[in-house]
Amino acid sequence: MRPVPAAEPLSGKPHWAKVAENMAFENASLTRYFLSWLSMYLWAAEGDGKAVAEFLTAAVMGDGSIQSEEVTLIIGRFSADEKRAGATTHIHKAALALGVLAKAGYAPERVYAKVDEKSRWFELAWSVEKARDFLSSASLWLYAPELAGGADEIRVKYSKALEIVGVEARIEGFTAEGKRPRARLVVRLGEEEAEYSIRLDKGNAVEIRFNTTSREEAERKAALLRAVGVRTEVKKIHDKSRGRDLWRIQATTNALAAEAVHEAVRKAVAEFLSQCKEAGAIEAQTYRRLAAKFERGVPEWGEVRFSVKLRKGKVVEVVYKPRDPQSFMKAVELLRGLGLRDTCEGEWCLVHFTAREPREGEEGYVYITADGLRYIGWLALHGDEKAQRLKEMLLREAEARGEEVRRRLEQYFREGEQWGSVRPPIEKEVEVEGRRVKVRIEEVEAGVKQSKIKEHLVVKVRAKVVEGNSEAAVEKEARFYKSGGAVHGYVSIRGDAEKEREADYLRTAAVLKALGVESWSRKEREVRLTGGALDALMRLEPVCAALGIYQKT
């Protein structure tokens, strides 16, 4: 990049002095940014390569992307409006980052200048080979899906990072002497390596175990196992023979053979079983059955496996087609156990899945609706472990169908994660008909009301709209109804004269935009809404409460 030209003084002060003033008094996020990168500079100067790698990996996980050929980091997203951006711009952020990265030995191989209608930024890029240097040195287990709160973007980045740094697992020190065959299972993730004991127990059950007097060591080794897909927890036990407490990690056959476990780990366990067979500890037939289990991986939901594909119009279809009534009931019970509904009363009751039992000459199915997918996303975000595992399974199925299928499925989950996440008051500045106004949503009420003909979902909003020195109180009511399988809605426009109706429309549009509604059609005395508007309003807690979204918690 060419050097940044010297800037003209602003308000009688040198440009960097104005930047410092912004940091100190006007923008806390800028302060955090500059101090963070200066901390990385100090780590680099002190030769603390581990801390540098941790910082850069965290930055990529948060504001970057990991692709099959390139790793990128977005730096300095600022408003394209120079008056709004102020003295500090994306150039200042990028200049600091590039200097620090050069000092640390991780200078990007490419720098892209990016701009759109609203903002400007730089994108720093490394080849996969170059990025492997810092990704391998970081504690990648910190970003494992189990520790990342279920964020899909983190999950995708994490899985790509694993592909780059690689996961290795091997068996060492096998012995069949004594009561049970045993060995050491060594797992490596990046530069992190951990060792666990592995043994063949009664009934040909496989078990890995690790005991220590240090809880910190146990937690770290458990985290590494979870990072490669093994579900395990740290438990405190008392060793009577030694009269002391121990911290134990333990995982058995099903946890080790789960489909989510990294292939390298499952293959290592299969190798251990092969050595057990060679030593005569298990029969050949038993070995083949167990080895097949570890090689293919056991789905979280057993034999219940939903297919995920795109129909015409890029609509995601998630369906399971059972072969017999037993498989059908298992799938239905699994979904009902999560709180998903296949039947309910009233037009505004959300049906999460539909099902038909297979009969002679008639195919059965279990179909998860769009609202069902959103609800799974909402449940997973709020800590439901079964919903989280179902979500993971569906994402794996979608990814096998292609990136576009996974992206569309993730969109449904993200919409569900937003359900009920916003509560008044809400303040926002929006643009309507080329005019910028400030909106304060003070109160939102929602409920289902039955008219003579239709059942309406009514959303009442009380707000204030401010333009310049003018402030207007606004009370609006959006009424939604269903017709022909689609959601429709409207907001009435008040006023006898055309000028009054125009002013009321502008205020209505401002309120809708502040609530996240992006599109509508305008009629003389009403604004027409679609299901997309209701999807946006589902972010409001009162709307979700009116539709019974919180029934599970």
# chains A, B, ... in the order shown; residues from 1 in each chain; ligands from 1
call {"tool": "residues_around", "arguments": {"residues": "segment 495-505 of chain A", "least_positions_apart": "2", "cutoff": "12 Å", "atoms": "only C-alpha atoms", "output": "CSV table (one decimal) with N, CA and C atoms, in the first residue's frame"}}
result
chain,number,residue,atom,x,y,z
A,432,VAL,N,-36.7,8.4,5.5
A,432,VAL,CA,-38.0,8.2,4.8
A,432,VAL,C,-38.2,9.3,3.7
A,433,GLU,N,-38.4,8.8,2.5
A,433,GLU,CA,-38.5,9.8,1.4
A,433,GLU,C,-37.4,10.8,1.4
A,465,VAL,N,-41.9,10.6,16.8
A,465,VAL,CA,-41.1,10.8,15.6
A,465,VAL,C,-40.7,12.2,15.7
A,467,GLU,N,-38.4,15.2,13.8
A,467,GLU,CA,-37.7,15.7,12.6
A,467,GLU,C,-37.4,17.2,12.8
A,472,ALA,N,-43.7,14.5,17.0
A,472,ALA,CA,-45.1,14.1,16.8
A,472,ALA,C,-45.3,12.8,17.6
A,473,ALA,N,-46.3,12.7,18.4
A,473,ALA,CA,-46.7,11.4,19.0
A,473,ALA,C,-47.5,10.5,18.0
A,474,VAL,N,-47.1,9.3,18.0
A,474,VAL,CA,-47.7,8.4,17.0
A,474,VAL,C,-48.2,7.1,17.7
A,475,GLU,N,-49.5,6.8,17.4
A,475,GLU,CA,-50.0,5.5,17.9
A,475,GLU,C,-50.5,4.7,16.7
A,476,LYS,N,-50.0,3.6,16.4
A,476,LYS,CA,-50.3,2.8,15.2
A,476,LYS,C,-50.7,1.4,15.6
A,491,VAL,N,-51.7,-1.4,7.9
A,491,VAL,CA,-51.7,-0.3,8.9
A,491,VAL,C,-52.5,0.8,8.3
A,492,SER,N,-53.6,1.3,9.0
A,492,SER,CA,-54.4,2.4,8.5
A,492,SER,C,-53.7,3.7,8.5
A,493,ILE,N,-53.9,4.5,7.4
A,493,ILE,CA,-53.4,5.9,7.3
A,493,ILE,C,-54.6,6.8,7.6
A,507,ARG,N,-44.9,9.4,9.0
A,507,ARG,CA,-44.7,8.9,10.3
A,507,ARG,C,-44.8,7.4,10.5
A,508,THR,N,-45.8,6.8,9.8
A,508,THR,CA,-46.0,5.4,9.8
A,508,THR,C,-44.8,4.7,9.3
A,509,ALA,N,-44.3,5.2,8.1
A,509,ALA,CA,-43.1,4.5,7.5
A,509,ALA,C,-41.9,4.6,8.4
A,510,ALA,N,-41.8,5.7,9.1
A,510,ALA,CA,-40.6,5.9,10.0
A,510,ALA,C,-40.7,4.9,11.1
A,511,VAL,N,-41.9,4.7,11.7
A,511,VAL,CA,-42.1,3.7,12.8
A,511,VAL,C,-41.8,2.3,12.3
A,512,LEU,N,-42.3,2.0,11.1
A,512,LEU,CA,-42.1,0.6,10.5
A,512,LEU,C,-40.6,0.4,10.3
A,520,TRP,N,-43.0,-2.6,2.0
A,520,TRP,CA,-44.5,-2.6,2.1
A,520,TRP,C,-45.0,-2.0,0.8
A,521,SER,N,-46.3,-2.0,0.6
A,521,SER,CA,-46.9,-1.3,-0.5
A,521,SER,C,-47.9,-0.3,0.0
A,522,ARG,N,-47.9,0.8,-0.7
A,522,ARG,CA,-48.7,2.0,-0.2
A,522,ARG,C,-50.0,2.1,-1.0
A,523,LYS,N,-51.1,2.2,-0.2
A,523,LYS,CA,-52.4,2.5,-0.8
A,523,LYS,C,-52.9,3.9,-0.3
A,524,GLU,N,-54.0,4.4,-0.7
A,524,GLU,CA,-54.4,5.7,-0.3
A,524,GLU,C,-54.6,5.8,1.2
A,525,ARG,N,-55.3,4.9,1.8
A,525,ARG,CA,-55.6,5.0,3.2
A,525,ARG,C,-55.0,3.9,4.0
A,526,GLU,N,-54.0,3.1,3.5
A,526,GLU,CA,-53.4,2.1,4.3
A,526,GLU,C,-52.1,1.7,3.7
A,527,VAL,N,-51.2,1.1,4.6
A,527,VAL,CA,-50.0,0.5,4.2
A,527,VAL,C,-50.2,-1.0,4.2
A,528,ARG,N,-49.9,-1.7,3.1
A,528,ARG,CA,-50.1,-3.1,3.0
A,528,ARG,C,-48.8,-3.8,3.4
call {"tool": "residues_around", "arguments": {"residues": "segment 385-387 of chain A", "least_positions_apart": "3", "cutoff": "10 Å", "atoms": "only C-alpha atoms", "output": "list of chain:residue names"}}
result
A:Glu146, A:Glu300, A:Trp301, A:Leu334, A:Leu335, A:Gly337, A:Leu338, A:Gly339, A:Tyr375, A:Ile376, A:Gly377, A:Trp378, A:Leu379, A:Ala380, A:Leu381, A:His382, A:Leu390, A:Lys391, A:Glu392, A:Met393
call {"tool": "residues_around", "arguments": {"residues": "Glu477 of chain A", "least_positions_apart": "2", "cutoff": "10 Å", "atoms": "only C-alpha atoms", "output": "list of chain:residue names"}}
result
A:Val444, A:Glu445, A:Ala446, A:Val458, A:Val459, A:Lys460, A:Val461, A:Arg462, A:Glu475, A:Arg479, A:Phe480, A:Tyr490, A:Val491, A:Ser492, A:Thr508
call {"tool": "write_last_selection", "arguments": {"atoms": "all heavy atoms", "output": "short mmCIF file (atom, residue, chain, number, x, y, z; two decimals), in the first residue's frame"}}
result
data_model
loop_
_atom_site.label_atom_id
_atom_site.label_comp_id
_atom_site.auth_asym_id
_atom_site.auth_seq_id
_atom_site.Cartn_x
_atom_site.Cartn_y
_atom_site.Cartn_z
N VAL A 444 -44.94 -1.34 23.00
CA VAL A 444 -45.50 -2.27 22.02
C VAL A 444 -46.39 -3.27 22.77
O VAL A 444 -45.99 -3.84 23.78
CB VAL A 444 -44.40 -3.03 21.25
CG1 VAL A 444 -45.03 -4.08 20.32
CG2 VAL A 444 -43.52 -2.08 20.45
N GLU A 445 -47.60 -3.45 22.26
CA GLU A 445 -48.51 -4.45 22.79
C GLU A 445 -48.94 -5.36 21.65
O GLU A 445 -49.04 -4.92 20.50
CB GLU A 445 -49.76 -3.80 23.41
CG GLU A 445 -49.46 -2.93 24.62
CD GLU A 445 -50.72 -2.28 25.18
OE1 GLU A 445 -51.81 -2.57 24.64
OE2 GLU A 445 -50.62 -1.50 26.13
N ALA A 446 -49.17 -6.61 21.94
CA ALA A 446 -49.60 -7.55 20.89
C ALA A 446 -50.58 -8.55 21.47
O ALA A 446 -50.52 -8.90 22.65
CB ALA A 446 -48.39 -8.27 20.30
N VAL A 458 -52.83 -8.56 16.34
CA VAL A 458 -52.81 -7.09 16.39
C VAL A 458 -51.57 -6.63 17.16
O VAL A 458 -51.35 -7.05 18.30
CB VAL A 458 -54.09 -6.54 17.06
CG1 VAL A 458 -54.06 -5.01 17.05
CG2 VAL A 458 -55.32 -7.06 16.33
N VAL A 459 -50.78 -5.77 16.53
CA VAL A 459 -49.58 -5.21 17.16
C VAL A 459 -49.78 -3.71 17.29
O VAL A 459 -49.85 -2.99 16.28
CB VAL A 459 -48.32 -5.51 16.33
CG1 VAL A 459 -47.08 -4.95 17.04
CG2 VAL A 459 -48.17 -7.01 16.10
N LYS A 460 -49.87 -3.22 18.52
CA LYS A 460 -50.07 -1.80 18.78
C LYS A 460 -48.74 -1.15 19.18
O LYS A 460 -48.01 -1.70 20.02
CB LYS A 460 -51.09 -1.58 19.89
CG LYS A 460 -52.49 -2.08 19.53
CD LYS A 460 -53.47 -1.82 20.68
CE LYS A 460 -54.86 -2.31 20.32
NZ LYS A 460 -55.83 -2.06 21.44
N VAL A 461 -48.45 -0.01 18.60
CA VAL A 461 -47.18 0.68 18.83
C VAL A 461 -47.45 2.13 19.23
O VAL A 461 -48.24 2.83 18.59
CB VAL A 461 -46.29 0.65 17.57
CG1 VAL A 461 -44.97 1.36 17.84
CG2 VAL A 461 -46.06 -0.77 17.10
N ARG A 462 -46.78 2.54 20.29
CA ARG A 462 -46.82 3.95 20.69
C ARG A 462 -45.40 4.49 20.58
O ARG A 462 -44.46 3.91 21.13
CB ARG A 462 -47.33 4.08 22.13
CG ARG A 462 -47.55 5.53 22.57
CD ARG A 462 -48.36 5.57 23.86
NE ARG A 462 -47.71 4.83 24.93
CZ ARG A 462 -46.75 5.35 25.70
NH1 ARG A 462 -46.35 6.60 25.52
NH2 ARG A 462 -46.21 4.62 26.66
N GLU A 475 -49.47 6.75 17.40
CA GLU A 475 -50.03 5.50 17.88
C GLU A 475 -50.55 4.74 16.67
O GLU A 475 -51.42 5.21 15.96
CB GLU A 475 -51.16 5.73 18.90
CG GLU A 475 -50.66 6.28 20.22
CD GLU A 475 -51.74 6.32 21.29
OE1 GLU A 475 -52.82 5.72 21.03
OE2 GLU A 475 -51.53 6.94 22.34
N ARG A 479 -52.41 -4.84 11.81
CA ARG A 479 -53.30 -6.00 11.93
C ARG A 479 -52.92 -7.03 10.87
O ARG A 479 -52.90 -6.73 9.67
CB ARG A 479 -54.76 -5.58 11.77
CG ARG A 479 -55.21 -4.55 12.79
CD ARG A 479 -56.67 -4.18 12.60
NE ARG A 479 -57.56 -5.23 13.02
CZ ARG A 479 -58.07 -5.37 14.25
NH1 ARG A 479 -57.74 -4.49 15.18
NH2 ARG A 479 -58.89 -6.35 14.54
N PHE A 480 -52.59 -8.24 11.31
CA PHE A 480 -52.20 -9.31 10.41
C PHE A 480 -53.28 -10.39 10.38
O PHE A 480 -53.93 -10.66 11.40
CB PHE A 480 -50.88 -9.94 10.86
CG PHE A 480 -49.70 -9.02 10.74
CD1 PHE A 480 -49.31 -8.23 11.82
CD2 PHE A 480 -48.97 -8.94 9.57
CE1 PHE A 480 -48.21 -7.38 11.73
CE2 PHE A 480 -47.88 -8.10 9.46
CZ PHE A 480 -47.50 -7.32 10.54
N TYR A 490 -51.94 -4.95 7.44
CA TYR A 490 -52.13 -3.55 7.02
C TYR A 490 -52.05 -2.63 8.23
O TYR A 490 -52.27 -3.03 9.37
CB TYR A 490 -53.46 -3.37 6.29
CG TYR A 490 -54.68 -3.67 7.14
CD1 TYR A 490 -55.29 -2.66 7.91
CD2 TYR A 490 -55.23 -4.95 7.20
CE1 TYR A 490 -56.40 -2.93 8.69
CE2 TYR A 490 -56.32 -5.23 7.99
CZ TYR A 490 -56.91 -4.22 8.73
OH TYR A 490 -58.00 -4.48 9.52
N VAL A 491 -51.72 -1.38 7.93
CA VAL A 491 -51.74 -0.29 8.92
C VAL A 491 -52.55 0.83 8.31
O VAL A 491 -52.25 1.27 7.18
CB VAL A 491 -50.33 0.21 9.28
CG1 VAL A 491 -50.41 1.31 10.33
CG2 VAL A 491 -49.45 -0.94 9.77
N SER A 492 -53.55 1.31 8.99
CA SER A 492 -54.40 2.37 8.45
C SER A 492 -53.69 3.72 8.47
O SER A 492 -52.92 4.02 9.39
CB SER A 492 -55.71 2.47 9.25
OG SER A 492 -56.44 1.26 9.15
N THR A 508 -45.80 6.85 9.82
CA THR A 508 -46.01 5.40 9.85
C THR A 508 -44.81 4.67 9.26
O THR A 508 -44.31 3.68 9.82
CB THR A 508 -47.28 5.02 9.06
OG1 THR A 508 -48.40 5.69 9.63
CG2 THR A 508 -47.51 3.51 9.10
#
call {"tool": "atom_distance", "arguments": {"atom1": "atom CA of Asp133 of chain A", "atom2": "atom CA of Ile164 of chain A"}}
result
9.9 Å
call {"tool": "residues_around", "arguments": {"residues": "segment 174-182 of chain A", "least_positions_apart": "2", "cutoff": "6 Å", "atoms": "only C-alpha atoms", "output": "count of residues only"}}
result
4
call {"tool": "atom_distance", "arguments": {"atom1": "atom CA of Val187 of chain A", "atom2": "atom CA of Arg389 of chain A"}}
result
23.3 Å
call {"tool": "select_by_dssp", "arguments": {"residues": "segment 191-258 of chain A", "states": "helix (DSSP H, G or I)", "output": "MDAnalysis selection string"}}
result
chainID A and resid 202:204 215:227 253:257
call {"tool": "write_last_selection", "arguments": {"atoms": "N, CA, C and O atoms", "output": "JSON list (two decimals), in the first residue's frame"}}
result
[["chain", "number", "residue", "atom", "x", "y", "z"],
["A", 202, "LYS", "N", -15.72, -54.27, 30.24],
["A", 202, "LYS", "CA", -16.66, -55.39, 30.19],
["A", 202, "LYS", "C", -17.70, -55.16, 29.10],
["A", 202, "LYS", "O", -18.12, -54.03, 28.86],
["A", 203, "GLY", "N", -18.12, -56.26, 28.47],
["A", 203, "GLY", "CA", -19.12, -56.15, 27.41],
["A", 203, "GLY", "C", -18.58, -55.50, 26.16],
["A", 203, "GLY", "O", -19.35, -54.98, 25.35],
["A", 204, "ASN", "N", -17.26, -55.48, 26.02],
["A", 204, "ASN", "CA", -16.59, -54.89, 24.85],
["A", 204, "ASN", "C", -16.87, -53.39, 24.71],
["A", 204, "ASN", "O", -16.90, -52.85, 23.61],
["A", 215, "ARG", "N", -7.69, -29.45, 38.73],
["A", 215, "ARG", "CA", -8.91, -29.19, 37.98],
["A", 215, "ARG", "C", -8.61, -28.44, 36.69],
["A", 215, "ARG", "O", -9.24, -28.69, 35.65],
["A", 216, "GLU", "N", -7.67, -27.50, 36.73],
["A", 216, "GLU", "CA", -7.32, -26.72, 35.54],
["A", 216, "GLU", "C", -6.86, -27.63, 34.40],
["A", 216, "GLU", "O", -7.26, -27.47, 33.25],
["A", 217, "GLU", "N", -6.01, -28.61, 34.75],
["A", 217, "GLU", "CA", -5.52, -29.55, 33.74],
["A", 217, "GLU", "C", -6.67, -30.39, 33.19],
["A", 217, "GLU", "O", -6.76, -30.63, 31.98],
["A", 218, "ALA", "N", -7.57, -30.82, 34.07],
["A", 218, "ALA", "CA", -8.71, -31.63, 33.64],
["A", 218, "ALA", "C", -9.62, -30.83, 32.70],
["A", 218, "ALA", "O", -10.08, -31.34, 31.67],
["A", 219, "GLU", "N", -9.90, -29.59, 33.06],
["A", 219, "GLU", "CA", -10.78, -28.75, 32.23],
["A", 219, "GLU", "C", -10.17, -28.51, 30.85],
["A", 219, "GLU", "O", -10.87, -28.52, 29.84],
["A", 220, "ARG", "N", -8.86, -28.32, 30.81],
["A", 220, "ARG", "CA", -8.20, -28.07, 29.54],
["A", 220, "ARG", "C", -8.25, -29.31, 28.64],
["A", 220, "ARG", "O", -8.53, -29.22, 27.44],
["A", 221, "LYS", "N", -8.01, -30.48, 29.24],
["A", 221, "LYS", "CA", -8.04, -31.70, 28.43],
["A", 221, "LYS", "C", -9.47, -32.06, 28.02],
["A", 221, "LYS", "O", -9.69, -32.62, 26.94],
["A", 222, "ALA", "N", -10.43, -31.76, 28.86],
["A", 222, "ALA", "CA", -11.83, -31.99, 28.49],
["A", 222, "ALA", "C", -12.23, -31.05, 27.35],
["A", 222, "ALA", "O", -12.96, -31.44, 26.43],
["A", 223, "ALA", "N", -11.74, -29.80, 27.41],
["A", 223, "ALA", "CA", -12.05, -28.83, 26.36],
["A", 223, "ALA", "C", -11.49, -29.28, 25.02],
["A", 223, "ALA", "O", -12.14, -29.13, 23.98],
["A", 224, "LEU", "N", -10.29, -29.86, 25.04],
["A", 224, "LEU", "CA", -9.71, -30.34, 23.78],
["A", 224, "LEU", "C", -10.54, -31.49, 23.21],
["A", 224, "LEU", "O", -10.76, -31.57, 22.00],
["A", 225, "LEU", "N", -11.01, -32.38, 24.08],
["A", 225, "LEU", "CA", -11.88, -33.46, 23.60],
["A", 225, "LEU", "C", -13.16, -32.92, 23.00],
["A", 225, "LEU", "O", -13.61, -33.36, 21.93],
["A", 226, "ARG", "N", -13.79, -31.95, 23.68],
["A", 226, "ARG", "CA", -15.01, -31.37, 23.14],
["A", 226, "ARG", "C", -14.75, -30.68, 21.81],
["A", 226, "ARG", "O", -15.60, -30.65, 20.92],
["A", 227, "ALA", "N", -13.54, -30.12, 21.68],
["A", 227, "ALA", "CA", -13.18, -29.42, 20.45],
["A", 227, "ALA", "C", -13.14, -30.36, 19.25],
["A", 227, "ALA", "O", -13.35, -29.93, 18.12],
["A", 253, "THR", "N", -18.19, -45.71, 24.65],
["A", 253, "THR", "CA", -18.38, -46.06, 23.24],
["A", 253, "THR", "C", -19.24, -45.09, 22.46],
["A", 253, "THR", "O", -18.82, -44.58, 21.41],
["A", 254, "ASN", "N", -20.47, -44.83, 22.92],
["A", 254, "ASN", "CA", -21.39, -44.00, 22.13],
["A", 254, "ASN", "C", -20.88, -42.58, 21.96],
["A", 254, "ASN", "O", -21.03, -41.98, 20.88],
["A", 255, "ALA", "N", -20.28, -42.02, 23.00],
["A", 255, "ALA", "CA", -19.75, -40.66, 22.89],
["A", 255, "ALA", "C", -18.57, -40.61, 21.93],
["A", 255, "ALA", "O", -18.39, -39.62, 21.20],
["A", 256, "LEU", "N", -17.77, -41.66, 21.89],
["A", 256, "LEU", "CA", -16.60, -41.70, 21.01],
["A", 256, "LEU", "C", -16.97, -42.00, 19.57],
["A", 256, "LEU", "O", -16.27, -41.60, 18.64],
["A", 257, "ALA", "N", -18.07, -42.73, 19.37],
["A", 257, "ALA", "CA", -18.47, -43.14, 18.02],
["A", 257, "ALA", "C", -19.45, -42.16, 17.38],
["A", 257, "ALA", "O", -19.84, -42.36, 16.23]]
call {"tool": "residues_around", "arguments": {"residues": "Thr343 of chain A", "least_positions_apart": "4", "cutoff": "12 Å", "atoms": "only C-alpha atoms", "output": "list in words"}}
result
Val332, Arg336, Gly339, Glu347, Trp348, Cys349, Leu350, Val351, His352, Phe353, Thr354 and Ala355 of chain A
call {"tool": "closest_residue", "arguments": {"among": "A:Leu529, A:Ile282, A:Ile208, A:Met40", "to": "Arg248 of chain A", "atoms": "only C-alpha atoms"}}
result
A:Ile208
call {"tool": "closest_residue", "arguments": {"among": "A:Lys482, A:Leu273, A:Phe122, A:Val316", "to": "Ala292 of chain A", "atoms": "only C-alpha atoms"}}
result
A:Leu273
call {"tool": "select_by_dssp", "arguments": {"residues": "segment 162-386 of chain A", "states": "strand (DSSP E)", "output": "mmCIF file with C-alpha atoms, in the first residue's frame"}}
result
data_model
loop_
_atom_site.group_PDB
_atom_site.id
_atom_site.type_symbol
_atom_site.label_atom_id
_atom_site.label_comp_id
_atom_site.auth_asym_id
_atom_site.auth_seq_id
_atom_site.Cartn_x
_atom_site.Cartn_y
_atom_site.Cartn_z
ATOM 1 C CA VAL A 167 -6.484 -32.990 13.828
ATOM 2 C CA GLU A 168 -4.348 -36.016 14.568
ATOM 3 C CA ALA A 169 -5.032 -38.973 16.863
ATOM 4 C CA ARG A 170 -2.937 -42.084 17.474
ATOM 5 C CA ILE A 171 -2.674 -45.110 19.748
ATOM 6 C CA GLU A 172 0.531 -45.642 21.758
ATOM 7 C CA GLY A 173 1.718 -48.221 24.273
ATOM 8 C CA PHE A 174 -0.898 -50.921 23.598
ATOM 9 C CA THR A 175 -0.812 -53.905 25.951
ATOM 10 C CA ARG A 182 -5.341 -50.800 27.341
ATOM 11 C CA ALA A 183 -3.252 -48.109 25.657
ATOM 12 C CA ARG A 184 -2.788 -44.349 25.389
ATOM 13 C CA LEU A 185 -4.921 -42.212 23.054
ATOM 14 C CA VAL A 186 -2.975 -39.126 21.967
ATOM 15 C CA VAL A 187 -4.965 -36.279 20.355
ATOM 16 C CA ARG A 188 -3.361 -33.260 18.702
ATOM 17 C CA LEU A 189 -5.173 -30.072 17.676
ATOM 18 C CA GLU A 192 -2.104 -28.547 21.515
ATOM 19 C CA GLU A 193 -1.629 -32.214 22.428
ATOM 20 C CA ALA A 194 -3.275 -34.292 25.143
ATOM 21 C CA GLU A 195 -3.014 -37.906 26.260
ATOM 22 C CA TYR A 196 -5.766 -40.121 27.693
ATOM 23 C CA SER A 197 -5.889 -43.760 28.779
ATOM 24 C CA ILE A 198 -8.074 -46.011 26.626
ATOM 25 C CA ARG A 199 -9.250 -49.507 27.573
ATOM 26 C CA LEU A 200 -11.612 -52.262 26.506
ATOM 27 C CA VAL A 206 -14.558 -48.786 24.899
ATOM 28 C CA GLU A 207 -13.676 -46.184 27.501
ATOM 29 C CA ILE A 208 -11.211 -43.308 27.619
ATOM 30 C CA ARG A 209 -10.308 -41.748 30.947
ATOM 31 C CA PHE A 210 -8.043 -39.151 32.489
ATOM 32 C CA ASN A 211 -7.522 -38.528 36.234
ATOM 33 C CA THR A 212 -5.647 -35.639 37.821
ATOM 34 C CA VAL A 234 -15.131 -32.961 34.291
ATOM 35 C CA LYS A 235 -16.301 -34.725 37.441
ATOM 36 C CA LYS A 236 -14.919 -34.698 40.974
ATOM 37 C CA ILE A 237 -14.343 -38.109 42.580
ATOM 38 C CA HIS A 238 -12.783 -39.316 45.819
ATOM 39 C CA ASP A 239 -9.918 -41.826 45.658
ATOM 40 C CA ARG A 244 -7.654 -37.602 48.132
ATOM 41 C CA ASP A 245 -9.987 -35.976 45.617
ATOM 42 C CA LEU A 246 -9.418 -36.337 41.879
ATOM 43 C CA TRP A 247 -10.808 -34.675 38.772
ATOM 44 C CA ARG A 248 -11.900 -37.186 36.138
ATOM 45 C CA ILE A 249 -12.692 -37.074 32.401
ATOM 46 C CA GLN A 250 -14.520 -40.073 31.021
ATOM 47 C CA ALA A 251 -16.115 -40.997 27.682
ATOM 48 C CA THR A 252 -17.461 -44.343 26.504
ATOM 49 C CA SER A 307 -32.852 -34.656 4.506
ATOM 50 C CA VAL A 308 -32.250 -30.978 3.760
ATOM 51 C CA LYS A 309 -32.618 -29.558 0.255
ATOM 52 C CA LEU A 310 -33.778 -26.486 -1.664
ATOM 53 C CA ARG A 311 -37.103 -26.510 -3.450
ATOM 54 C CA VAL A 315 -37.191 -22.601 -0.022
ATOM 55 C CA VAL A 316 -35.526 -25.010 2.413
ATOM 56 C CA GLU A 317 -37.252 -28.375 2.793
ATOM 57 C CA VAL A 318 -36.412 -30.460 5.865
ATOM 58 C CA VAL A 319 -38.146 -33.834 5.850
ATOM 59 C CA TYR A 320 -37.740 -37.363 7.189
ATOM 60 C CA PHE A 353 -43.907 -29.776 12.010
ATOM 61 C CA THR A 354 -46.441 -31.855 10.109
ATOM 62 C CA ALA A 355 -46.462 -35.640 9.964
ATOM 63 C CA ARG A 356 -48.194 -38.571 8.310
ATOM 64 C CA TYR A 365 -43.233 -38.189 6.296
ATOM 65 C CA VAL A 366 -42.207 -35.842 9.112
ATOM 66 C CA TYR A 367 -41.791 -32.310 7.740
ATOM 67 C CA ILE A 368 -40.304 -29.453 9.802
#
call {"tool": "closest_residue", "arguments": {"among": "A:Ala478, A:Leu395, A:Val430, A:Ala268", "to": "Val543 of chain A", "atoms": "only C-alpha atoms"}}
result
A:Ala478
call {"tool": "closest_residue", "arguments": {"among": "A:Gly531, A:Gly313, A:Gly402, A:Gly64", "to": "Ser483 of chain A", "atoms": "only C-alpha atoms"}}
result
A:Gly531
call {"tool": "atom_distance", "arguments": {"atom1": "atom CA of Gly346 of chain A", "atom2": "atom CA of Gly489 of chain A"}}
result
17.3 Å
call {"tool": "residues_around", "arguments": {"residues": "Leu515 of chain A", "least_positions_apart": "5", "cutoff": "10 Å", "atoms": "only C-alpha atoms", "output": "PyMOL selection string"}}
result
chain A and resi 422+426-428+439+441+461+509-510+533+536-540
call {"tool": "write_last_selection", "arguments": {"atoms": "N, CA and C atoms", "output": "short mmCIF file (atom, residue, chain, number, x, y, z; two decimals), in the first residue's frame"}}
result
data_model
loop_
_atom_site.label_atom_id
_atom_site.label_comp_id
_atom_site.auth_asym_id
_atom_site.auth_seq_id
_atom_site.Cartn_x
_atom_site.Cartn_y
_atom_site.Cartn_z
N VAL A 422 -35.72 -8.15 21.31
CA VAL A 422 -35.80 -6.69 21.43
C VAL A 422 -37.03 -6.31 22.24
N ILE A 426 -37.06 1.63 22.09
CA ILE A 426 -36.14 1.48 20.98
C ILE A 426 -35.93 2.86 20.35
N GLU A 427 -34.70 3.24 20.17
CA GLU A 427 -34.40 4.53 19.52
C GLU A 427 -33.60 4.28 18.26
N LYS A 428 -34.03 4.91 17.17
CA LYS A 428 -33.35 4.68 15.90
C LYS A 428 -33.53 5.88 14.98
N VAL A 439 -36.69 8.20 15.66
CA VAL A 439 -37.89 7.51 16.15
C VAL A 439 -37.58 6.89 17.51
N ILE A 441 -39.49 4.25 19.90
CA ILE A 441 -40.60 3.33 20.15
C ILE A 441 -40.73 3.19 21.66
N VAL A 461 -48.45 -0.01 18.60
CA VAL A 461 -47.18 0.68 18.83
C VAL A 461 -47.45 2.13 19.23
N ALA A 509 -44.31 5.16 8.12
CA ALA A 509 -43.15 4.55 7.47
C ALA A 509 -41.93 4.61 8.37
N ALA A 510 -41.76 5.74 9.07
CA ALA A 510 -40.62 5.90 9.98
C ALA A 510 -40.70 4.87 11.11
N ALA A 533 -42.95 -8.61 6.94
CA ALA A 533 -43.09 -7.61 8.00
C ALA A 533 -43.29 -8.28 9.35
N ALA A 536 -40.08 -9.57 10.76
CA ALA A 536 -39.29 -8.51 11.40
C ALA A 536 -39.84 -8.19 12.78
N LEU A 537 -41.17 -8.17 12.93
CA LEU A 537 -41.78 -7.84 14.22
C LEU A 537 -41.61 -8.96 15.25
N MET A 538 -41.27 -10.16 14.76
CA MET A 538 -41.05 -11.26 15.70
C MET A 538 -39.83 -11.01 16.59
N ARG A 539 -39.00 -10.06 16.23
CA ARG A 539 -37.88 -9.71 17.11
C ARG A 539 -38.36 -9.02 18.39
N LEU A 540 -39.60 -8.55 18.38
CA LEU A 540 -40.15 -7.84 19.54
C LEU A 540 -40.68 -8.85 20.57
#
